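File shown: data-v6.cif. Contents: mmCIF, C-alpha atoms.
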data_my_file
#
loop_
_atom_site.label_atom_id
_atom_site.label_comp_id
_atom_site.auth_asym_id
_atom_site.auth_seq_id
_atom_site.Cartn_x
_atom_site.Cartn_y
_atom_site.Cartn_z
CA MET A 512 107.00 -89.28 -144.07
CA ASN A 513 109.64 -91.30 -145.91
CA LEU A 514 111.52 -93.60 -143.52
CA SER A 515 113.12 -95.78 -146.18
CA THR A 516 115.79 -93.51 -147.71
CA PRO A 517 119.26 -93.90 -146.13
CA LEU A 518 120.55 -90.84 -144.34
CA THR A 519 123.61 -88.82 -145.31
CA ARG A 520 126.45 -88.71 -142.81
CA PRO A 521 127.47 -85.01 -142.43
CA SER A 522 124.34 -84.12 -140.46
CA LEU A 523 123.34 -87.58 -139.34
CA HIS A 524 122.10 -86.67 -135.87
CA GLU A 525 120.09 -83.63 -136.91
CA GLU A 526 118.62 -85.37 -139.95
CA LEU A 527 117.72 -88.45 -137.93
CA VAL A 528 115.96 -86.40 -135.26
CA THR A 529 114.10 -84.44 -137.93
CA ARG A 530 113.06 -87.55 -139.85
CA LEU A 531 111.76 -89.31 -136.74
CA ARG A 532 110.01 -86.16 -135.48
CA GLU A 533 108.21 -85.73 -138.79
CA ALA A 534 107.19 -89.39 -138.83
CA ILE A 535 105.60 -88.98 -135.41
CA VAL A 536 103.90 -85.68 -136.24
CA GLN A 537 102.47 -87.04 -139.48
CA GLY A 538 101.34 -90.30 -137.88
CA THR A 539 103.69 -92.69 -139.68
CA LEU A 540 104.72 -93.70 -136.17
CA GLU A 541 101.37 -93.75 -134.37
CA PRO A 542 100.64 -92.63 -130.79
CA GLY A 543 101.19 -95.45 -128.32
CA ALA A 544 103.12 -97.60 -130.81
CA LYS A 545 106.45 -99.15 -129.97
CA VAL A 546 109.30 -97.57 -131.94
CA PRO A 547 110.60 -100.34 -134.26
CA GLU A 548 114.31 -99.78 -133.70
CA ARG A 549 115.61 -102.71 -135.74
CA GLU A 550 113.44 -101.87 -138.76
CA LEU A 551 114.36 -98.17 -138.58
CA CYS A 552 118.08 -98.95 -138.37
CA GLU A 553 117.81 -101.08 -141.49
CA SER A 554 115.67 -98.65 -143.51
CA LEU A 555 117.61 -95.53 -142.54
CA GLY A 556 121.04 -97.13 -142.73
CA VAL A 557 122.12 -96.28 -139.17
CA SER A 558 123.26 -98.21 -136.13
CA ARG A 559 121.40 -98.45 -132.83
CA THR A 560 123.62 -95.83 -131.15
CA PRO A 561 122.65 -92.77 -133.24
CA LEU A 562 119.04 -93.93 -133.33
CA ARG A 563 118.87 -94.11 -129.55
CA GLU A 564 120.57 -90.73 -129.23
CA ALA A 565 117.89 -89.29 -131.50
CA LEU A 566 115.18 -90.95 -129.42
CA LYS A 567 116.58 -89.27 -126.31
CA VAL A 568 116.11 -85.89 -127.99
CA LEU A 569 112.54 -86.76 -128.92
CA ALA A 570 111.90 -87.96 -125.38
CA ASN A 571 112.98 -84.54 -124.10
CA GLU A 572 110.49 -83.03 -126.55
CA GLY A 573 107.72 -85.25 -125.20
CA LEU A 574 107.21 -87.16 -128.46
CA VAL A 575 108.44 -90.53 -127.23
CA VAL A 576 108.64 -92.30 -123.90
CA LEU A 577 111.77 -94.28 -123.06
CA GLU A 578 110.98 -97.47 -121.17
CA SER A 579 113.64 -99.27 -119.16
CA ASN A 580 114.78 -102.42 -121.00
CA ARG A 581 111.81 -102.09 -123.37
CA GLY A 582 113.00 -99.51 -125.88
CA ALA A 583 110.78 -96.56 -126.73
CA ARG A 584 107.18 -95.93 -127.64
CA VAL A 585 105.46 -92.94 -129.22
CA SER A 586 103.74 -90.84 -126.59
CA ASN A 587 99.98 -90.44 -126.66
CA VAL A 588 98.30 -87.10 -127.29
CA THR A 589 96.53 -85.98 -124.12
CA MET A 590 94.29 -83.03 -123.43
CA GLU A 591 96.41 -82.15 -120.40
CA GLU A 592 99.45 -81.83 -122.66
CA LEU A 593 97.60 -79.65 -125.14
CA GLU A 594 96.25 -77.37 -122.43
CA ALA A 595 99.76 -76.96 -121.04
CA ALA A 596 101.51 -76.46 -124.37
CA PHE A 597 99.14 -74.23 -126.32
CA PRO A 598 99.36 -71.12 -124.09
CA VAL A 599 103.15 -71.27 -124.35
CA ILE A 600 103.05 -71.69 -128.12
CA ALA A 601 100.61 -68.79 -128.35
CA VAL A 602 103.11 -66.56 -126.54
CA LEU A 603 105.99 -67.77 -128.73
CA GLU A 604 104.08 -67.25 -131.98
CA GLY A 605 102.81 -63.86 -130.84
CA LEU A 606 106.34 -62.71 -130.09
CA ALA A 607 107.57 -64.13 -133.40
CA GLY A 608 104.91 -62.20 -135.27
CA GLU A 609 105.86 -58.96 -133.57
CA LEU A 610 109.54 -59.50 -134.31
CA ALA A 611 108.82 -60.51 -137.89
CA CYS A 612 107.02 -57.24 -138.52
CA ALA A 613 110.19 -55.41 -137.53
CA ARG A 614 112.78 -57.72 -139.06
CA ALA A 615 111.31 -59.50 -142.09
CA SER A 616 112.46 -58.44 -145.53
CA ASP A 617 109.93 -57.37 -148.12
CA GLY A 618 110.77 -60.55 -150.01
CA GLU A 619 110.00 -62.73 -147.01
CA ILE A 620 106.62 -61.06 -146.54
CA ALA A 621 105.87 -61.49 -150.24
CA ARG A 622 106.68 -65.21 -150.03
CA ILE A 623 104.45 -65.62 -147.00
CA ALA A 624 101.65 -63.86 -148.90
CA LEU A 625 102.16 -66.24 -151.82
CA ARG A 626 101.97 -69.25 -149.52
CA HIS A 627 98.83 -67.77 -148.00
CA ARG A 628 97.23 -67.69 -151.43
CA ASP A 629 98.25 -71.32 -151.94
CA MET A 630 96.68 -72.19 -148.61
CA PHE A 631 93.43 -70.46 -149.55
CA ARG A 632 93.27 -72.37 -152.83
CA HIS A 633 93.68 -75.62 -150.93
CA TYR A 634 90.89 -74.56 -148.60
CA GLU A 635 88.57 -73.81 -151.51
CA ALA A 636 89.42 -77.21 -153.01
CA GLY A 637 88.73 -78.95 -149.70
CA ASN A 638 92.24 -80.39 -149.65
CA ARG A 639 92.99 -80.58 -145.95
CA PRO A 640 96.47 -82.21 -146.11
CA ALA A 641 97.74 -79.59 -148.57
CA TYR A 642 96.06 -76.82 -146.58
CA PHE A 643 97.68 -77.97 -143.34
CA GLN A 644 101.11 -78.12 -144.99
CA ALA A 645 100.75 -74.59 -146.36
CA ASN A 646 99.49 -73.42 -142.96
CA ARG A 647 102.49 -74.94 -141.25
CA ASP A 648 104.84 -73.36 -143.80
CA ILE A 649 103.35 -69.93 -143.03
CA HIS A 650 103.81 -70.28 -139.28
CA ASP A 651 107.36 -71.61 -139.77
CA ALA A 652 108.18 -68.71 -142.11
CA LEU A 653 106.96 -66.19 -139.55
CA MET A 654 109.16 -67.82 -136.95
CA ALA A 655 112.17 -67.72 -139.30
CA ALA A 656 111.52 -64.06 -140.09
CA ALA A 657 111.68 -63.24 -136.38
CA ARG A 658 115.45 -63.83 -136.50
CA ASN A 659 115.62 -65.33 -133.00
CA PRO A 660 117.26 -68.79 -132.82
CA VAL A 661 116.33 -69.37 -129.17
CA LEU A 662 112.70 -68.57 -129.85
CA ALA A 663 112.74 -70.86 -132.90
CA GLN A 664 114.29 -73.71 -130.92
CA HIS A 665 111.59 -73.68 -128.26
CA TYR A 666 108.88 -73.28 -130.89
CA THR A 667 110.09 -76.31 -132.85
CA MET A 668 110.01 -78.49 -129.76
CA LEU A 669 106.52 -77.48 -128.70
CA SER A 670 104.91 -77.15 -132.11
CA SER A 671 105.76 -80.77 -132.92
CA ARG A 672 103.83 -81.90 -129.87
CA VAL A 673 100.64 -80.13 -130.89
CA GLU A 674 100.87 -80.43 -134.68
CA ARG A 675 100.07 -84.12 -134.57
CA ALA A 676 96.99 -83.44 -132.45
CA ARG A 677 95.68 -81.19 -135.21
CA LEU A 678 96.26 -83.90 -137.80
CA LEU A 679 94.50 -86.49 -135.64
CA ALA A 680 91.49 -84.31 -134.92
CA ASN A 681 88.59 -83.94 -137.33
CA VAL A 682 88.11 -80.18 -136.91
CA SER A 683 84.70 -78.91 -138.05
CA ASP A 684 84.17 -77.12 -141.35
CA SER A 685 82.95 -74.04 -139.47
CA ARG A 686 86.19 -73.83 -137.48
CA TRP A 687 88.18 -74.35 -140.66
CA ALA A 688 86.42 -71.37 -142.25
CA GLU A 689 87.09 -69.26 -139.14
CA ALA A 690 90.78 -70.19 -139.22
CA VAL A 691 91.04 -69.08 -142.84
CA GLU A 692 89.51 -65.70 -141.97
CA GLU A 693 91.93 -65.35 -139.09
CA HIS A 694 94.80 -65.98 -141.51
CA HIS A 695 93.55 -63.21 -143.80
CA ASP A 696 93.80 -60.81 -140.85
CA ILE A 697 97.21 -62.20 -139.88
CA LEU A 698 98.56 -61.55 -143.36
CA ALA A 699 97.13 -58.03 -143.42
CA ALA A 700 98.85 -57.18 -140.14
CA LEU A 701 102.14 -58.59 -141.40
CA GLU A 702 101.96 -56.67 -144.68
CA THR A 703 101.37 -53.40 -142.81
CA ARG A 704 104.06 -54.37 -140.27
CA ASP A 705 101.68 -53.83 -137.38
CA GLY A 706 103.57 -55.86 -134.79
CA ALA A 707 101.24 -55.31 -131.85
CA ARG A 708 98.21 -56.26 -133.95
CA LEU A 709 99.91 -59.36 -135.35
CA ARG A 710 100.92 -60.49 -131.88
CA GLU A 711 97.32 -60.15 -130.73
CA LEU A 712 95.95 -62.01 -133.76
CA LEU A 713 98.40 -64.91 -133.52
CA THR A 714 97.74 -65.35 -129.81
CA ALA A 715 93.99 -65.43 -130.40
CA HIS A 716 94.46 -67.78 -133.37
CA LEU A 717 96.29 -70.32 -131.21
CA ASN A 718 93.76 -70.04 -128.40
CA ASN A 719 90.93 -70.64 -130.87
CA LYS A 720 92.80 -73.62 -132.28
CA LEU A 721 93.06 -75.15 -128.81
CA ALA A 722 89.34 -74.71 -128.22
CA ALA A 723 88.60 -76.42 -131.54
CA LEU A 724 90.92 -79.33 -130.78
CA LYS A 725 89.38 -79.84 -127.36
CA LYS A 726 85.96 -80.05 -128.97
CA ALA A 727 87.13 -82.35 -131.78
CA LEU A 728 89.02 -84.73 -129.50
CA SER A 729 86.41 -84.90 -126.74
#

Show me this structure written as C-alpha cells.
Amino acid sequence: MNLSTPLTRPSLHEELVTRLREAIVQGTLEPGAKVPERELCESLGVSRTPLREALKVLANEGLVVLESNRGARVSNVTMEELEAAFPVIAVLEGLAGELACARASDGEIARIALRHRDMFRHYEAGNRPAYFQANRDIHDALMAAARNPVLAQHYTMLSSRVERARLLANVSDSRWAEAVEEHHDILAALETRDGARLRELLTAHLNNKLAALKKALS
C-alpha cells in the first residue's frame, strides 16, 4: 500500500481512513507496531488532527488501539477476534449474495464472472497475491450489487479485520483448491440468480475459511 503520495483535499478524511486501513490490511503497518504519526503526516501531507481523527475511526473498527499519551498501535490478530467476526461476516455476505441475485444487473454479473476467470488464472499460475486481490474484488462486487449501503458499511468494517488474517496465514494448497471449487459454485448460483443457494454457499464458504485460518494460525 502506497503511503507516500500526498492526499487530495476534497475527500481528505475518507481517503485517509481508506489509505490507513489498506496499509494495515496489507501488512504495511504490521500487527503490534506503533503507528508512526510524524512520518505518516509528512508522507501523506496532512496534519496531526486529521490523522488522529482517522485513527479514531480505525480504532472503532478494531484495527488500531489508542493508548493514552502513547499514540496508537496496530492491533494484533487474535483467534478470539476471528471466531467472533467470521460468523457475522458469513451472515452479511450470505444476505448480500441473496440480494445481489435479485438486484444485480446482467452487466454486473458478467463483470463478476470475468473477475472469477482472472482469479482462476491466478490460481493456476500459483500467484497468491493476485488471486487474493481478485477474490476480494469478487466479494466486494457482490456486496455492491446488493444495493444496501448499511449492509456494505458493516461489511467493510468487519472484512478489514479478517482480511489481514488471511494474508498473514499460510493456508494449505488443499484448502486453496477447495476455495476455488467453492467459487465456481458461487458464480453458478449468481448466474442463475438462485438467491437462496448463493446465500447458503457464501455462508459455508466463510465458515470453511475460518476453519482453515484457525488451522494455519495455530

6 Å contact set for stretch 537-548 of chain A, all atoms listed in the file, chain neighbours under 2 positions out, as a list of chain:residue names: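 The neighbour list is A:Glu533, A:Ala534, A:Ile535, A:Glu550, A:Leu551, A:Ala583, A:Arg584, A:Val585, A:Ser586, A:Asn587.
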
Neighbours of point (111.6, -57.2, -138.7) within 10 Å, using only C-alpha atoms, written as a ChimeraX atom specification: /A:607-617,656-658,701,704,706

Counting all atoms listed in the file, the option among A:Asn646, A:Asn580, A:Asn659, A:Thr667 closest to A:Val691: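 Between A:Asn646, A:Asn580, A:Asn659, A:Thr667, the residue approaching A:Val691 most closely is A:Asn646.
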
Counting all atoms listed in the file, the option among A:His716, A:Arg639, A:His633, A:Arg677 closest to A:Glu692: A:His716

Selection under test: the PyMOL selection byres ((chain A and resi 700) around 12); residues as an mmCIF file with C-alpha atoms, in the frame of the given file:
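Listed below is the output, expr-v8.cif:
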data_model
loop_
_atom_site.group_PDB
_atom_site.id
_atom_site.type_symbol
_atom_site.label_atom_id
_atom_site.label_comp_id
_atom_site.auth_asym_id
_atom_site.auth_seq_id
_atom_site.Cartn_x
_atom_site.Cartn_y
_atom_site.Cartn_z
ATOM 1 C CA GLY A 608 104.910 -62.200 -135.270
ATOM 2 C CA GLU A 609 105.860 -58.960 -133.570
ATOM 3 C CA ALA A 611 108.820 -60.510 -137.890
ATOM 4 C CA CYS A 612 107.020 -57.240 -138.520
ATOM 5 C CA ALA A 613 110.190 -55.410 -137.530
ATOM 6 C CA ILE A 620 106.620 -61.060 -146.540
ATOM 7 C CA ALA A 624 101.650 -63.860 -148.900
ATOM 8 C CA GLU A 693 91.930 -65.350 -139.090
ATOM 9 C CA HIS A 694 94.800 -65.980 -141.510
ATOM 10 C CA HIS A 695 93.550 -63.210 -143.800
ATOM 11 C CA ASP A 696 93.800 -60.810 -140.850
ATOM 12 C CA ILE A 697 97.210 -62.200 -139.880
ATOM 13 C CA LEU A 698 98.560 -61.550 -143.360
ATOM 14 C CA ALA A 699 97.130 -58.030 -143.420
ATOM 15 C CA LEU A 701 102.140 -58.590 -141.400
ATOM 16 C CA GLU A 702 101.960 -56.670 -144.680
ATOM 17 C CA THR A 703 101.370 -53.400 -142.810
ATOM 18 C CA ARG A 704 104.060 -54.370 -140.270
ATOM 19 C CA ASP A 705 101.680 -53.830 -137.380
ATOM 20 C CA GLY A 706 103.570 -55.860 -134.790
ATOM 21 C CA ALA A 707 101.240 -55.310 -131.850
ATOM 22 C CA ARG A 708 98.210 -56.260 -133.950
ATOM 23 C CA LEU A 709 99.910 -59.360 -135.350
ATOM 24 C CA ARG A 710 100.920 -60.490 -131.880
ATOM 25 C CA GLU A 711 97.320 -60.150 -130.730
ATOM 26 C CA LEU A 712 95.950 -62.010 -133.760
ATOM 27 C CA LEU A 713 98.400 -64.910 -133.520
#

Expansion of the PyMOL selection byres ((chain A and resi 670-675) around 9) into residues, as JSON, numbers by chain: {"A": [532, 533, 535, 536, 537, 538, 572, 573, 574, 588, 592, 593, 596, 597, 600, 647, 665, 666, 667, 668, 669, 676, 677, 678, 679, 680]}

Filtering to C-alpha atoms, could you give me those residues as an mmCIF file, in the coordinates of the input?
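out.cif was written with the following content:
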data_model
loop_
_atom_site.group_PDB
_atom_site.id
_atom_site.type_symbol
_atom_site.label_atom_id
_atom_site.label_comp_id
_atom_site.auth_asym_id
_atom_site.auth_seq_id
_atom_site.Cartn_x
_atom_site.Cartn_y
_atom_site.Cartn_z
ATOM 1 C CA ARG A 532 110.010 -86.160 -135.480
ATOM 2 C CA GLU A 533 108.210 -85.730 -138.790
ATOM 3 C CA ILE A 535 105.600 -88.980 -135.410
ATOM 4 C CA VAL A 536 103.900 -85.680 -136.240
ATOM 5 C CA GLN A 537 102.470 -87.040 -139.480
ATOM 6 C CA GLY A 538 101.340 -90.300 -137.880
ATOM 7 C CA GLU A 572 110.490 -83.030 -126.550
ATOM 8 C CA GLY A 573 107.720 -85.250 -125.200
ATOM 9 C CA LEU A 574 107.210 -87.160 -128.460
ATOM 10 C CA VAL A 588 98.300 -87.100 -127.290
ATOM 11 C CA GLU A 592 99.450 -81.830 -122.660
ATOM 12 C CA LEU A 593 97.600 -79.650 -125.140
ATOM 13 C CA ALA A 596 101.510 -76.460 -124.370
ATOM 14 C CA PHE A 597 99.140 -74.230 -126.320
ATOM 15 C CA ILE A 600 103.050 -71.690 -128.120
ATOM 16 C CA ARG A 647 102.490 -74.940 -141.250
ATOM 17 C CA HIS A 665 111.590 -73.680 -128.260
ATOM 18 C CA TYR A 666 108.880 -73.280 -130.890
ATOM 19 C CA THR A 667 110.090 -76.310 -132.850
ATOM 20 C CA MET A 668 110.010 -78.490 -129.760
ATOM 21 C CA LEU A 669 106.520 -77.480 -128.700
ATOM 22 C CA ALA A 676 96.990 -83.440 -132.450
ATOM 23 C CA ARG A 677 95.680 -81.190 -135.210
ATOM 24 C CA LEU A 678 96.260 -83.900 -137.800
ATOM 25 C CA LEU A 679 94.500 -86.490 -135.640
ATOM 26 C CA ALA A 680 91.490 -84.310 -134.920
#

Interatomic distance, atom CA of A:Ala688 to atom CA of A:Leu724 (Å, one decimal):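 These atoms are spaced 14.7 Å apart.
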
Take every atom of stretch 590-598 of chain A listed in the file, fit an axis-aligned box around them, add 3 Å per side, and give the centre and edge lengths in Å to one decimal as lines of an AutoDock Vina configuration file.
center_x = 97.9
center_y = -77.1
center_z = -123.4
size_x = 13.2
size_y = 17.9
size_z = 11.9

Exercise: residues within 8 Å of coordinate (99.3, -69.3, -130.7), counting all atoms listed in the file, as a PyMOL selection string: chain A and resi 597-605+713-718+720

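Here atom CA of A:Glu591 and atom CA of A:Ala722 stand 12.9 Å from one another.
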
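Coordinates place atom CA of A:Ala570 at a distance of 27.7 Å from atom CA of A:Asn719.
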
Residue nearest A:Arg686 - candidates A:Ala652, A:Leu531, A:Ala723, A:Val661, atoms counted: all atoms listed in the file: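 Nearest candidate to A:Arg686 out of A:Ala652, A:Leu531, A:Ala723, A:Val661: A:Ala723.
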
Using only C-alpha atoms, which residues sit within 12 Å of A:Leu562 once same-chain residues fewer than 4 positions away are excluded, as a compact mmCIF listing (two decimals) with C-alpha atoms, keeping the file's coordinate frame?
# COMPACT_ATOMS: atom_id res chain seq x y z
CA LEU A 518 120.55 -90.84 -144.34
CA LEU A 523 123.34 -87.58 -139.34
CA HIS A 524 122.10 -86.67 -135.87
CA GLU A 525 120.09 -83.63 -136.91
CA GLU A 526 118.62 -85.37 -139.95
CA LEU A 527 117.72 -88.45 -137.93
CA VAL A 528 115.96 -86.40 -135.26
CA THR A 529 114.10 -84.44 -137.93
CA ARG A 530 113.06 -87.55 -139.85
CA LEU A 531 111.76 -89.31 -136.74
CA VAL A 546 109.30 -97.57 -131.94
CA PRO A 547 110.60 -100.34 -134.26
CA GLU A 548 114.31 -99.78 -133.70
CA ARG A 549 115.61 -102.71 -135.74
CA GLU A 550 113.44 -101.87 -138.76
CA LEU A 551 114.36 -98.17 -138.58
CA CYS A 552 118.08 -98.95 -138.37
CA GLU A 553 117.81 -101.08 -141.49
CA SER A 554 115.67 -98.65 -143.51
CA LEU A 555 117.61 -95.53 -142.54
CA GLY A 556 121.04 -97.13 -142.73
CA VAL A 557 122.12 -96.28 -139.17
CA SER A 558 123.26 -98.21 -136.13
CA LEU A 566 115.18 -90.95 -129.42
CA LYS A 567 116.58 -89.27 -126.31
CA VAL A 568 116.11 -85.89 -127.99
CA LEU A 569 112.54 -86.76 -128.92
CA GLY A 582 113.00 -99.51 -125.88
CA ALA A 583 110.78 -96.56 -126.73

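Among A:Ser685, A:Gln644, A:Glu594, A:Ala663, the residue with the shortest atom-to-atom distance to A:His627, counting all atoms listed in the file, is A:Gln644.
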